[in-house]
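Novice: For reference, the file input_12.cif (mmCIF, C-alpha atoms) is included below:
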```
data_my_file
loop_
_atom_site.label_atom_id
_atom_site.label_comp_id
_atom_site.auth_asym_id
_atom_site.auth_seq_id
_atom_site.Cartn_x
_atom_site.Cartn_y
_atom_site.Cartn_z
CA MET V 1 -3.34 -75.56 -28.70
CA LYS V 2 -4.90 -72.52 -27.06
CA GLU V 3 -4.84 -69.04 -28.51
CA ASN V 4 -2.10 -67.83 -26.17
CA GLN V 5 0.11 -70.82 -26.97
CA LEU V 6 0.37 -70.05 -30.67
CA PRO V 7 3.68 -68.52 -31.72
CA GLU V 8 3.65 -65.07 -33.30
CA HIS V 9 4.72 -66.40 -36.70
CA TYR V 10 1.60 -68.63 -36.80
CA TYR V 11 -0.35 -65.44 -37.34
CA THR V 12 2.09 -63.84 -39.78
CA MET V 13 2.36 -66.99 -41.92
CA LEU V 14 -1.41 -67.47 -41.84
CA GLU V 15 -2.05 -63.86 -42.87
CA GLU V 16 0.45 -64.15 -45.70
CA LEU V 17 -1.45 -67.18 -46.97
CA GLN V 18 -4.82 -65.44 -46.52
CA ALA V 19 -3.50 -62.46 -48.50
CA VAL V 20 -2.39 -64.48 -51.52
CA ASP V 21 -5.57 -66.57 -51.32
CA PHE V 22 -7.60 -63.38 -51.45
CA VAL V 23 -5.86 -62.38 -54.69
CA LEU V 24 -6.62 -65.85 -56.05
CA VAL V 25 -10.33 -65.68 -55.15
CA GLU V 26 -10.58 -62.26 -56.77
CA LEU V 27 -8.78 -63.36 -59.96
CA ASN V 28 -10.82 -66.56 -60.05
CA LEU V 29 -14.19 -64.78 -59.91
CA TYR V 30 -12.97 -62.18 -62.40
CA LEU V 31 -11.82 -64.90 -64.82
CA ASP V 32 -15.18 -66.68 -64.47
CA THR V 33 -16.70 -63.74 -66.37
CA HIS V 34 -13.56 -62.71 -68.37
CA PRO V 35 -12.15 -66.08 -69.53
CA PHE V 36 -10.08 -64.57 -72.38
CA ASP V 37 -7.97 -62.22 -70.24
CA GLY V 38 -4.52 -63.77 -70.72
CA ALA V 39 -2.72 -61.37 -68.37
CA ALA V 40 -5.13 -62.24 -65.55
CA ILE V 41 -4.64 -65.97 -66.20
CA GLN V 42 -0.87 -65.48 -66.02
CA GLN V 43 -1.23 -63.60 -62.72
CA TYR V 44 -3.54 -66.34 -61.44
CA ASN V 45 -1.02 -69.06 -62.25
CA GLN V 46 1.83 -67.12 -60.62
CA CYS V 47 -0.20 -66.61 -57.44
CA ALA V 48 -1.22 -70.27 -57.45
CA GLN V 49 2.46 -71.24 -57.40
CA LYS V 50 3.21 -68.79 -54.56
CA ARG V 51 0.19 -70.18 -52.69
CA MET V 52 1.48 -73.73 -52.94
CA GLN V 53 4.82 -72.67 -51.42
CA LEU V 54 3.22 -70.74 -48.57
CA ALA V 55 0.73 -73.52 -47.79
CA HIS V 56 3.55 -76.08 -47.82
CA GLN V 57 5.64 -74.04 -45.34
CA PHE V 58 2.64 -73.45 -43.07
CA GLN V 59 1.64 -77.12 -43.09
CA MET V 60 5.18 -78.35 -42.37
CA GLU V 61 5.10 -76.36 -39.15
CA PHE V 62 1.46 -76.34 -38.07
CA GLY V 63 -0.08 -79.42 -39.65
CA PRO V 64 -2.48 -79.99 -42.53
CA LEU V 65 -4.83 -77.29 -43.76
CA MET V 66 -6.92 -79.83 -45.69
CA PRO V 67 -8.07 -83.44 -45.12
CA PHE V 68 -8.78 -86.22 -47.65
CA GLY V 69 -5.26 -86.57 -48.97
CA HIS V 70 -4.61 -82.94 -49.83
CA ALA V 71 -1.86 -82.69 -47.19
CA PHE V 72 0.44 -85.05 -45.32
CA SER V 73 0.24 -85.95 -41.61
CA LYS V 74 2.81 -86.77 -38.96
CA HIS V 75 2.12 -89.24 -36.13
CA PRO V 76 -0.28 -89.00 -34.36
CA TRP V 77 -2.95 -87.98 -36.91
CA GLN V 78 -2.68 -84.20 -37.05
CA TRP V 79 -5.95 -83.24 -38.71
CA VAL V 80 -7.94 -83.45 -35.46
CA GLU V 81 -5.55 -81.17 -33.57
CA THR V 82 -6.55 -77.67 -32.49
CA PRO V 83 -6.67 -74.83 -33.23
CA TRP V 84 -9.74 -74.74 -35.47
CA PRO V 85 -10.24 -71.47 -37.36
CA TRP V 86 -12.61 -69.91 -34.81
CA GLN V 87 -10.19 -70.67 -31.97
CA VAL V 88 -7.33 -68.48 -33.23
CA MET D 1 -17.19 -82.55 -53.92
CA TRP D 2 -16.13 -80.00 -51.34
CA ILE D 3 -12.99 -80.07 -49.23
CA TYR D 4 -12.69 -78.09 -46.02
CA GLU D 5 -9.76 -75.77 -45.44
CA LYS D 6 -8.75 -75.24 -41.82
CA LYS D 7 -8.45 -71.45 -41.96
CA LEU D 8 -10.70 -68.41 -42.24
CA GLN D 9 -10.89 -66.47 -45.50
CA TYR D 10 -10.02 -63.28 -43.58
CA PRO D 11 -8.93 -62.85 -39.94
CA VAL D 12 -11.78 -62.34 -37.46
CA ARG D 13 -10.99 -60.36 -34.33
CA VAL D 14 -13.28 -58.90 -31.70
CA SER D 15 -12.13 -56.57 -28.93
CA LYS D 16 -14.80 -57.36 -26.31
CA CYS D 17 -17.51 -59.76 -25.18
CA ASP D 18 -20.70 -58.36 -26.73
CA PRO D 19 -23.72 -60.72 -26.79
CA GLN D 20 -26.01 -57.90 -27.94
CA MET D 21 -23.98 -57.49 -31.13
CA ALA D 22 -23.93 -61.29 -31.56
CA LYS D 23 -27.73 -61.31 -31.48
CA TRP D 24 -27.82 -58.77 -34.31
CA LEU D 25 -25.04 -60.44 -36.29
CA ILE D 26 -26.95 -63.72 -36.43
CA GLU D 27 -29.09 -62.00 -39.09
CA GLN D 28 -26.23 -62.72 -41.52
CA TYR D 29 -26.00 -66.34 -40.33
CA GLY D 30 -29.59 -67.58 -40.55
CA GLY D 31 -31.50 -64.56 -41.90
CA ALA D 32 -33.18 -64.10 -45.28
CA ASP D 33 -30.23 -62.22 -46.83
CA GLY D 34 -27.58 -64.05 -44.83
CA GLU D 35 -24.65 -66.20 -45.88
CA LEU D 36 -26.45 -69.55 -45.50
CA SER D 37 -29.22 -68.37 -47.83
CA ALA D 38 -26.62 -67.10 -50.30
CA ALA D 39 -24.57 -70.31 -50.38
CA LEU D 40 -27.58 -72.59 -50.74
CA ARG D 41 -29.27 -70.32 -53.31
CA TYR D 42 -26.30 -70.16 -55.70
CA LEU D 43 -25.19 -73.76 -55.42
CA ASN D 44 -28.74 -74.97 -56.01
CA GLN D 45 -29.33 -72.73 -59.04
CA ARG D 46 -26.32 -74.20 -60.85
CA TYR D 47 -28.11 -77.25 -62.25
CA SER D 48 -30.48 -75.29 -64.49
CA ILE D 49 -28.31 -72.26 -65.36
CA PRO D 50 -26.54 -72.02 -68.77
CA ASP D 51 -23.04 -73.56 -68.84
CA LYS D 52 -21.29 -70.19 -69.14
CA VAL D 53 -22.23 -69.12 -65.60
CA ILE D 54 -22.05 -72.45 -63.73
CA GLY D 55 -18.43 -71.76 -62.74
CA LEU D 56 -19.31 -68.38 -61.27
CA LEU D 57 -22.24 -69.74 -59.22
CA THR D 58 -20.05 -72.58 -57.96
CA ASP D 59 -17.25 -70.27 -56.86
CA ILE D 60 -19.40 -67.54 -55.28
CA GLY D 61 -21.54 -70.20 -53.57
CA THR D 62 -18.40 -71.76 -52.14
CA GLU D 63 -17.06 -68.39 -50.98
CA GLU D 64 -20.37 -67.79 -49.14
CA PHE D 65 -19.63 -70.80 -46.93
CA ALA D 66 -16.32 -69.16 -46.01
CA HIS D 67 -18.29 -66.04 -45.07
CA LEU D 68 -20.74 -68.15 -43.04
CA GLU D 69 -17.76 -69.44 -41.06
CA MET D 70 -16.52 -65.88 -40.47
CA ILE D 71 -19.93 -64.83 -39.09
CA ALA D 72 -20.01 -67.95 -36.91
CA THR D 73 -16.54 -67.08 -35.60
CA MET D 74 -17.66 -63.54 -34.77
CA VAL D 75 -20.75 -64.79 -32.90
CA TYR D 76 -18.71 -67.45 -31.10
CA LYS D 77 -16.06 -64.95 -29.97
CA LEU D 78 -18.63 -62.35 -28.91
CA THR D 79 -20.56 -64.82 -26.71
CA LYS D 80 -18.11 -67.46 -25.44
CA ASP D 81 -17.30 -65.60 -22.21
CA ALA D 82 -20.76 -64.13 -21.61
CA THR D 83 -22.54 -64.93 -18.35
CA VAL D 84 -26.18 -65.99 -18.32
CA GLU D 85 -27.01 -62.56 -16.90
CA GLN D 86 -25.25 -60.86 -19.83
CA LEU D 87 -27.05 -63.10 -22.34
CA LYS D 88 -30.38 -62.28 -20.68
CA ALA D 89 -29.64 -58.55 -20.74
CA ALA D 90 -28.79 -58.81 -24.47
CA GLY D 91 -32.18 -60.35 -25.22
CA LEU D 92 -30.69 -63.82 -25.66
CA GLY D 93 -32.65 -65.42 -22.80
CA ASP D 94 -34.97 -67.11 -25.29
CA HIS D 95 -31.94 -68.40 -27.20
CA TYR D 96 -30.21 -69.61 -24.04
CA VAL D 97 -33.08 -71.79 -22.82
CA ASN D 98 -33.19 -73.61 -26.16
CA HIS D 99 -29.55 -73.59 -27.30
CA ASP D 100 -27.25 -72.46 -24.44
CA ARG D 101 -24.37 -70.73 -26.28
CA ALA D 102 -24.68 -72.93 -29.38
CA LEU D 103 -25.13 -71.26 -32.74
CA TYR D 104 -28.40 -71.79 -34.55
CA TYR D 105 -29.66 -70.86 -38.00
CA ASN D 106 -32.11 -68.11 -37.11
CA ASN D 107 -32.32 -64.39 -37.78
CA ALA D 108 -31.80 -61.52 -35.33
CA ALA D 109 -35.41 -61.84 -34.17
CA GLY D 110 -34.99 -65.59 -33.51
CA VAL D 111 -37.00 -66.78 -36.53
CA PRO D 112 -35.52 -70.08 -37.83
CA TRP D 113 -34.01 -70.20 -41.33
CA THR D 114 -36.42 -71.37 -44.03
CA ALA D 115 -35.97 -72.42 -47.66
CA THR D 116 -38.64 -69.85 -48.57
CA TYR D 117 -35.81 -67.26 -48.32
CA ILE D 118 -34.35 -68.59 -51.58
CA GLN D 119 -35.65 -69.26 -55.05
CA ALA D 120 -34.65 -71.32 -58.08
CA LYS D 121 -36.88 -70.28 -60.94
CA GLY D 122 -35.24 -72.20 -63.76
CA ASP D 123 -35.19 -68.93 -65.68
CA PRO D 124 -31.56 -67.75 -65.87
CA ILE D 125 -32.31 -64.02 -65.91
CA ALA D 126 -34.83 -64.28 -63.05
CA ASP D 127 -32.32 -66.31 -61.01
CA LEU D 128 -29.41 -63.95 -61.64
CA TYR D 129 -31.51 -60.87 -60.86
CA GLU D 130 -32.44 -62.48 -57.54
CA ASP D 131 -28.75 -63.11 -56.91
CA ILE D 132 -27.84 -59.48 -57.61
CA ALA D 133 -30.64 -58.31 -55.29
CA ALA D 134 -29.47 -60.74 -52.60
CA GLU D 135 -25.93 -59.33 -52.74
CA GLU D 136 -27.20 -55.75 -52.49
CA LYS D 137 -29.45 -56.62 -49.54
CA ALA D 138 -26.57 -58.35 -47.78
CA ARG D 139 -24.33 -55.34 -48.46
CA ALA D 140 -26.93 -53.04 -46.87
CA THR D 141 -27.27 -55.39 -43.86
CA TYR D 142 -23.50 -55.32 -43.33
CA GLN D 143 -23.60 -51.52 -43.35
CA TRP D 144 -26.35 -51.44 -40.71
CA LEU D 145 -24.36 -53.94 -38.62
CA ILE D 146 -21.20 -51.82 -38.89
CA ASP D 147 -23.28 -48.85 -37.68
CA MET D 148 -24.42 -50.84 -34.63
CA THR D 149 -20.96 -51.38 -33.10
CA ASP D 150 -18.00 -49.30 -31.97
CA ASP D 151 -15.69 -52.36 -31.94
CA VAL D 152 -13.11 -51.52 -34.64
CA ASP D 153 -11.79 -55.10 -34.78
CA LEU D 154 -15.27 -56.43 -35.47
CA GLN D 155 -15.93 -53.60 -37.95
CA ASP D 156 -12.82 -54.64 -39.89
CA GLY D 157 -14.18 -58.14 -40.53
CA LEU D 158 -17.64 -56.77 -41.36
CA LYS D 159 -16.17 -54.27 -43.83
CA PHE D 160 -14.37 -57.11 -45.62
CA LEU D 161 -17.67 -58.97 -45.93
CA ARG D 162 -19.49 -55.83 -47.12
CA GLU D 163 -16.93 -55.35 -49.89
CA ARG D 164 -17.30 -58.98 -51.00
CA GLU D 165 -21.03 -58.39 -51.55
CA ILE D 166 -20.16 -55.54 -53.92
CA VAL D 167 -17.76 -57.72 -55.94
CA HIS D 168 -20.26 -60.59 -56.12
CA SER D 169 -22.99 -58.22 -57.31
CA LEU D 170 -20.67 -56.91 -60.04
CA ARG D 171 -19.80 -60.45 -61.21
CA PHE D 172 -23.49 -61.44 -61.32
CA ARG D 173 -24.24 -58.33 -63.40
CA GLU D 174 -21.50 -59.42 -65.82
CA ALA D 175 -23.06 -62.89 -65.95
CA VAL D 176 -26.36 -61.30 -67.04
CA GLU D 177 -24.50 -59.53 -69.87
CA ILE D 178 -22.85 -62.81 -70.92
CA LEU D 179 -26.27 -64.48 -71.16
CA LYS D 180 -27.75 -61.53 -73.05
CA ALA D 181 -24.89 -61.66 -75.56
CA GLU D 182 -25.36 -65.40 -75.99
CA GLN D 183 -29.09 -64.91 -76.50
CA GLY D 184 -28.45 -62.13 -79.03
CA ALA D 185 -25.89 -64.23 -80.92
CA LYS D 186 -28.48 -66.93 -81.55
CA LYS D 187 -30.63 -64.44 -83.49
CA VAL D 188 -27.84 -63.57 -85.95
CA PHE D 189 -28.12 -65.53 -89.21
#
```
Represent the supplied structure as structure tokens.
Specialist:
Amino acid sequence: MKENQLPEHYYTMLEELQAVDFVLVELNLYLDTHPFDGAAIQQYNQCAQKRMQLAHQFQMEFGPLMPFGHAFSKHPWQWVETPWPWQV
Amino acid sequence: MWIYEKKLQYPVRVSKCDPQMAKWLIEQYGGADGELSAALRYLNQRYSIPDKVIGLLTDIGTEEFAHLEMIATMVYKLTKDATVEQLKAAGLGDHYVNHDRALYYNNAAGVPWTATYIQAKGDPIADLYEDIAAEEKARATYQWLIDMTDDVDLQDGLKFLREREIVHSLRFREAVEILKAEQGAKKVF
């Protein structure tokens, strides 16, 4: 799949996922040094749930984001399909 | 174990072919204060650091690999359509004869990456102070790189990376305080 063949919502769905993942990275690093902050843990768990939904939707349409059994594949094996991250 | 995720941490866009900028950007790929150095430094220090900061080193080290991929994407996009003449004019003639348009772990001056860029002292405070310094040096490098281009799309990605250095530095400073508190607690009878 070349850059110009990707539908517009590939980019919007991907950016939505990147946005929630950014919140998760930030909360994760923060919690690594503030492990007793209950409110932050609650926010982390909420975002993790949202992340699972967004990743599931994205993967249903555009194939697996992760190999090694962390996502399902259709036939033929989807993991090897383009685009790779630097191609979008 | 590590598992790859088929997406960038933050979108990378460039608005033009610019091999000159790619040559400078490679500093953050295979340079002393670059993302490869950062990832390998933190992940390697984990084995001798106190338990309370292993999680932080693991997570920041892992994020550095995501940043390495963003830099690689920038370099790839800036050079993929460049002609040999353009590469030569950008000072990448030496690179071209050895690597064509392939990426390689070297700095902006073409010096290959070396493990001497990183240290693991076995002393938690010495290691964390090196990590803080590394983040500050990388932050400064990103600022100089932002100053070198007028490509606002490229600047956007570089600004994201610059901000991450600031957050990592802050977290490492907190880790130092955690270790100091732990050390102090041991002296209370």
Novice: Using all atoms listed in the file for the distances, tell me which of D:Lys88, D:Arg46, D:Lys80, D:Lys52 is nearest to Lys16 in chain D.
Specialist: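 Of D:Lys88, D:Arg46, D:Lys80, D:Lys52, the one nearest Lys16 in chain D, counting all atoms listed in the file, is D:Lys80.
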Novice: When the PyMOL selection byres ((chain D) within 8 of (chain V)) is applied to the file above, which residues end up in the set, as a list in words?
Specialist: Ile3, Tyr4, Glu5, Lys6, Lys7, Leu8, Gln9, Tyr10, Pro11, Val53, Gly55, Leu56, Asp59, Ile60, Met70, Ala72, Thr73, Tyr76, Lys77, Arg171, Glu174, Ala175 and Ile178 of chain D
Novice: Could you state the separation of CA of Tyr44 in chain V and CA of Ile49 in chain D in Å, given to one decimal place?
Specialist: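 Atom-to-atom, CA of Tyr44 in chain V and CA of Ile49 in chain D are spaced 25.8 Å apart.
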Novice: Kindly extract all protein, DNA and RNA residues lying within 9 Å of the coordinates (0.2, -79.0, -39.6) given in the file, considering all atoms listed in the file, and supply them as a list in words.
Specialist: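 All residues meeting the 9 Å criterion around (0.2, -79.0, -39.6) are Phe58, Gln59, Met60, Glu61, Phe62, Gly63, Pro64, Leu65, Ala71, Phe72, Ser73, Lys74, Gln78, Trp79 and Glu81 of chain V.
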Novice: Please provide as a PDB file with C-alpha atoms, in the coordinates of the input all residues within 10 Å of Thr141 in chain D, with the sequence filter that same-chain residues fewer than 4 positions apart are discarded (counting all atoms listed in the file).
Specialist:
```pdb
ATOM      1  CA  LEU D  25     -25.040 -60.440 -36.290  1.00  0.00           C
ATOM      2  CA  GLU D  27     -29.090 -62.000 -39.090  1.00  0.00           C
ATOM      3  CA  GLN D  28     -26.230 -62.720 -41.520  1.00  0.00           C
ATOM      4  CA  ASP D  33     -30.230 -62.220 -46.830  1.00  0.00           C
ATOM      5  CA  GLY D  34     -27.580 -64.050 -44.830  1.00  0.00           C
ATOM      6  CA  GLU D 135     -25.930 -59.330 -52.740  1.00  0.00           C
ATOM      7  CA  GLU D 136     -27.200 -55.750 -52.490  1.00  0.00           C
ATOM      8  CA  LYS D 137     -29.450 -56.620 -49.540  1.00  0.00           C
ATOM      9  CA  LEU D 145     -24.360 -53.940 -38.620  1.00  0.00           C
ATOM     10  CA  ILE D 146     -21.200 -51.820 -38.890  1.00  0.00           C
ATOM     11  CA  ASP D 147     -23.280 -48.850 -37.680  1.00  0.00           C
ATOM     12  CA  ARG D 162     -19.490 -55.830 -47.120  1.00  0.00           C
TER      13      ARG D 162
END
```
Novice: Between V:Gly38, V:Leu27, V:Val80, V:Val20, single out the one closest to Arg51 in chain V, counting all atoms listed in the file.
Specialist: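 Nearest candidate to Arg51 in chain V out of V:Gly38, V:Leu27, V:Val80, V:Val20: V:Val20.
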Novice: Kindly give the distance, in Å, that separates CA of Thr83 in chain D and CA of Ser15 in chain D, rounded to a single decimal.
Specialist: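 Atom-to-atom, CA of Thr83 in chain D to CA of Ser15 in chain D, that is 17.0 Å.
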Novice: Apply the PyMOL selection byres ((chain D and resi 129) around 12) to the displayed file and report the matching residues as a list in words.
Specialist: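 Output of the PyMOL selection byres ((chain D and resi 129) around 12): Tyr42, Gln119, Ala120, Lys121, Asp123, Pro124, Ile125, Ala126, Asp127, Leu128, Glu130, Asp131, Ile132, Ala133, Ala134, Glu135, Glu136, Ser169, Leu170, Arg171, Phe172, Arg173, Glu174, Ala175, Val176 and Glu177 of chain D.
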Novice: Could you state the separation of CA of Gly93 in chain D and CA of Asn106 in chain D in Å, given to one decimal place?
Specialist: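 Result for CA of Gly93 in chain D versus CA of Asn106 in chain D: 14.6 Å, one decimal.
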Novice: Give me the residues near Ala22 in chain D as a ChimeraX atom specification, where near means some atom within 7 Å (using all atoms listed in the file) and where sequence neighbours in that chain fewer than 3 positions away do not count.
Specialist: /D:18-19,25-26,75,78-79
Novice: I'd like to see the residues matched by the PyMOL selection byres ((chain D and resi 105) around 12) on this file, and ideally I'd get them as number ranges by chain.
Specialist: D: 23, 25-32, 34-37, 68, 71-72, 75, 95, 99, 102-104, 106-115
Novice: Could range 14-40 of chain V be completed with N, CA and C atoms and written as a PDB file, in the frame of the given file, please?
Specialist:
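Once everything was written out, this is part32.pdb:
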```
ATOM      1  N   LEU V  14      -0.007 -67.277 -41.472  1.00  0.00           N
ATOM      2  CA  LEU V  14      -1.410 -67.470 -41.840  1.00  0.00           C
ATOM      3  C   LEU V  14      -1.924 -66.273 -42.639  1.00  0.00           C
ATOM      4  N   GLU V  15      -1.566 -65.072 -42.171  1.00  0.00           N
ATOM      5  CA  GLU V  15      -2.050 -63.860 -42.870  1.00  0.00           C
ATOM      6  C   GLU V  15      -1.440 -63.728 -44.260  1.00  0.00           C
ATOM      7  N   GLU V  16      -0.196 -64.165 -44.382  1.00  0.00           N
ATOM      8  CA  GLU V  16       0.450 -64.150 -45.700  1.00  0.00           C
ATOM      9  C   GLU V  16      -0.313 -65.056 -46.674  1.00  0.00           C
ATOM     10  N   LEU V  17      -0.700 -66.225 -46.161  1.00  0.00           N
ATOM     11  CA  LEU V  17      -1.450 -67.180 -46.970  1.00  0.00           C
ATOM     12  C   LEU V  17      -2.846 -66.634 -47.298  1.00  0.00           C
ATOM     13  N   GLN V  18      -3.490 -66.030 -46.296  1.00  0.00           N
ATOM     14  CA  GLN V  18      -4.820 -65.440 -46.520  1.00  0.00           C
ATOM     15  C   GLN V  18      -4.751 -64.326 -47.562  1.00  0.00           C
ATOM     16  N   ALA V  19      -3.648 -63.573 -47.550  1.00  0.00           N
ATOM     17  CA  ALA V  19      -3.500 -62.460 -48.500  1.00  0.00           C
ATOM     18  C   ALA V  19      -3.389 -62.969 -49.934  1.00  0.00           C
ATOM     19  N   VAL V  20      -2.544 -63.972 -50.149  1.00  0.00           N
ATOM     20  CA  VAL V  20      -2.390 -64.480 -51.520  1.00  0.00           C
ATOM     21  C   VAL V  20      -3.658 -65.232 -51.947  1.00  0.00           C
ATOM     22  N   ASP V  21      -4.316 -65.890 -50.999  1.00  0.00           N
ATOM     23  CA  ASP V  21      -5.570 -66.570 -51.320  1.00  0.00           C
ATOM     24  C   ASP V  21      -6.670 -65.580 -51.702  1.00  0.00           C
ATOM     25  N   PHE V  22      -6.612 -64.406 -51.100  1.00  0.00           N
ATOM     26  CA  PHE V  22      -7.600 -63.380 -51.450  1.00  0.00           C
ATOM     27  C   PHE V  22      -7.415 -62.948 -52.908  1.00  0.00           C
ATOM     28  N   VAL V  23      -6.155 -62.738 -53.297  1.00  0.00           N
ATOM     29  CA  VAL V  23      -5.860 -62.380 -54.690  1.00  0.00           C
ATOM     30  C   VAL V  23      -6.381 -63.472 -55.620  1.00  0.00           C
ATOM     31  N   LEU V  24      -6.173 -64.729 -55.215  1.00  0.00           N
ATOM     32  CA  LEU V  24      -6.620 -65.850 -56.050  1.00  0.00           C
ATOM     33  C   LEU V  24      -8.140 -65.927 -56.176  1.00  0.00           C
ATOM     34  N   VAL V  25      -8.850 -65.677 -55.080  1.00  0.00           N
ATOM     35  CA  VAL V  25     -10.330 -65.680 -55.150  1.00  0.00           C
ATOM     36  C   VAL V  25     -10.792 -64.569 -56.080  1.00  0.00           C
ATOM     37  N   GLU V  26     -10.199 -63.389 -55.927  1.00  0.00           N
ATOM     38  CA  GLU V  26     -10.580 -62.260 -56.770  1.00  0.00           C
ATOM     39  C   GLU V  26     -10.314 -62.542 -58.260  1.00  0.00           C
ATOM     40  N   LEU V  27      -9.114 -63.042 -58.562  1.00  0.00           N
ATOM     41  CA  LEU V  27      -8.780 -63.360 -59.960  1.00  0.00           C
ATOM     42  C   LEU V  27      -9.683 -64.461 -60.496  1.00  0.00           C
ATOM     43  N   ASN V  28      -9.970 -65.438 -59.640  1.00  0.00           N
ATOM     44  CA  ASN V  28     -10.820 -66.560 -60.050  1.00  0.00           C
ATOM     45  C   ASN V  28     -12.213 -66.071 -60.455  1.00  0.00           C
ATOM     46  N   LEU V  29     -12.847 -65.278 -59.598  1.00  0.00           N
ATOM     47  CA  LEU V  29     -14.190 -64.780 -59.910  1.00  0.00           C
ATOM     48  C   LEU V  29     -14.160 -63.883 -61.146  1.00  0.00           C
ATOM     49  N   TYR V  30     -13.111 -63.060 -61.234  1.00  0.00           N
ATOM     50  CA  TYR V  30     -12.970 -62.180 -62.400  1.00  0.00           C
ATOM     51  C   TYR V  30     -12.859 -63.009 -63.682  1.00  0.00           C
ATOM     52  N   LEU V  31     -12.024 -64.051 -63.633  1.00  0.00           N
ATOM     53  CA  LEU V  31     -11.820 -64.900 -64.820  1.00  0.00           C
ATOM     54  C   LEU V  31     -13.074 -65.703 -65.172  1.00  0.00           C
ATOM     55  N   ASP V  32     -13.921 -65.965 -64.180  1.00  0.00           N
ATOM     56  CA  ASP V  32     -15.180 -66.680 -64.470  1.00  0.00           C
ATOM     57  C   ASP V  32     -16.041 -65.891 -65.459  1.00  0.00           C
ATOM     58  N   THR V  33     -15.917 -64.558 -65.430  1.00  0.00           N
ATOM     59  CA  THR V  33     -16.700 -63.740 -66.370  1.00  0.00           C
ATOM     60  C   THR V  33     -15.819 -63.074 -67.440  1.00  0.00           C
ATOM     61  N   HIS V  34     -14.489 -63.249 -67.362  1.00  0.00           N
ATOM     62  CA  HIS V  34     -13.560 -62.710 -68.370  1.00  0.00           C
ATOM     63  C   HIS V  34     -12.553 -63.790 -68.766  1.00  0.00           C
ATOM     64  N   PRO V  35     -13.033 -64.915 -69.311  1.00  0.00           N
ATOM     65  CA  PRO V  35     -12.150 -66.080 -69.530  1.00  0.00           C
ATOM     66  C   PRO V  35     -11.060 -65.887 -70.583  1.00  0.00           C
ATOM     67  N   PHE V  36     -11.101 -64.787 -71.335  1.00  0.00           N
ATOM     68  CA  PHE V  36     -10.080 -64.570 -72.380  1.00  0.00           C
ATOM     69  C   PHE V  36      -8.994 -63.597 -71.969  1.00  0.00           C
ATOM     70  N   ASP V  37      -8.971 -63.172 -70.713  1.00  0.00           N
ATOM     71  CA  ASP V  37      -7.970 -62.220 -70.240  1.00  0.00           C
ATOM     72  C   ASP V  37      -6.664 -62.960 -69.896  1.00  0.00           C
ATOM     73  N   GLY V  38      -5.770 -63.021 -70.872  1.00  0.00           N
ATOM     74  CA  GLY V  38      -4.520 -63.770 -70.720  1.00  0.00           C
ATOM     75  C   GLY V  38      -3.635 -63.273 -69.598  1.00  0.00           C
ATOM     76  N   ALA V  39      -3.573 -61.949 -69.430  1.00  0.00           N
ATOM     77  CA  ALA V  39      -2.720 -61.370 -68.370  1.00  0.00           C
ATOM     78  C   ALA V  39      -3.226 -61.810 -66.995  1.00  0.00           C
ATOM     79  N   ALA V  40      -4.544 -61.830 -66.839  1.00  0.00           N
ATOM     80  CA  ALA V  40      -5.130 -62.240 -65.550  1.00  0.00           C
ATOM     81  C   ALA V  40      -4.868 -63.730 -65.294  1.00  0.00           C
TER      82      ALA V  40
END
```
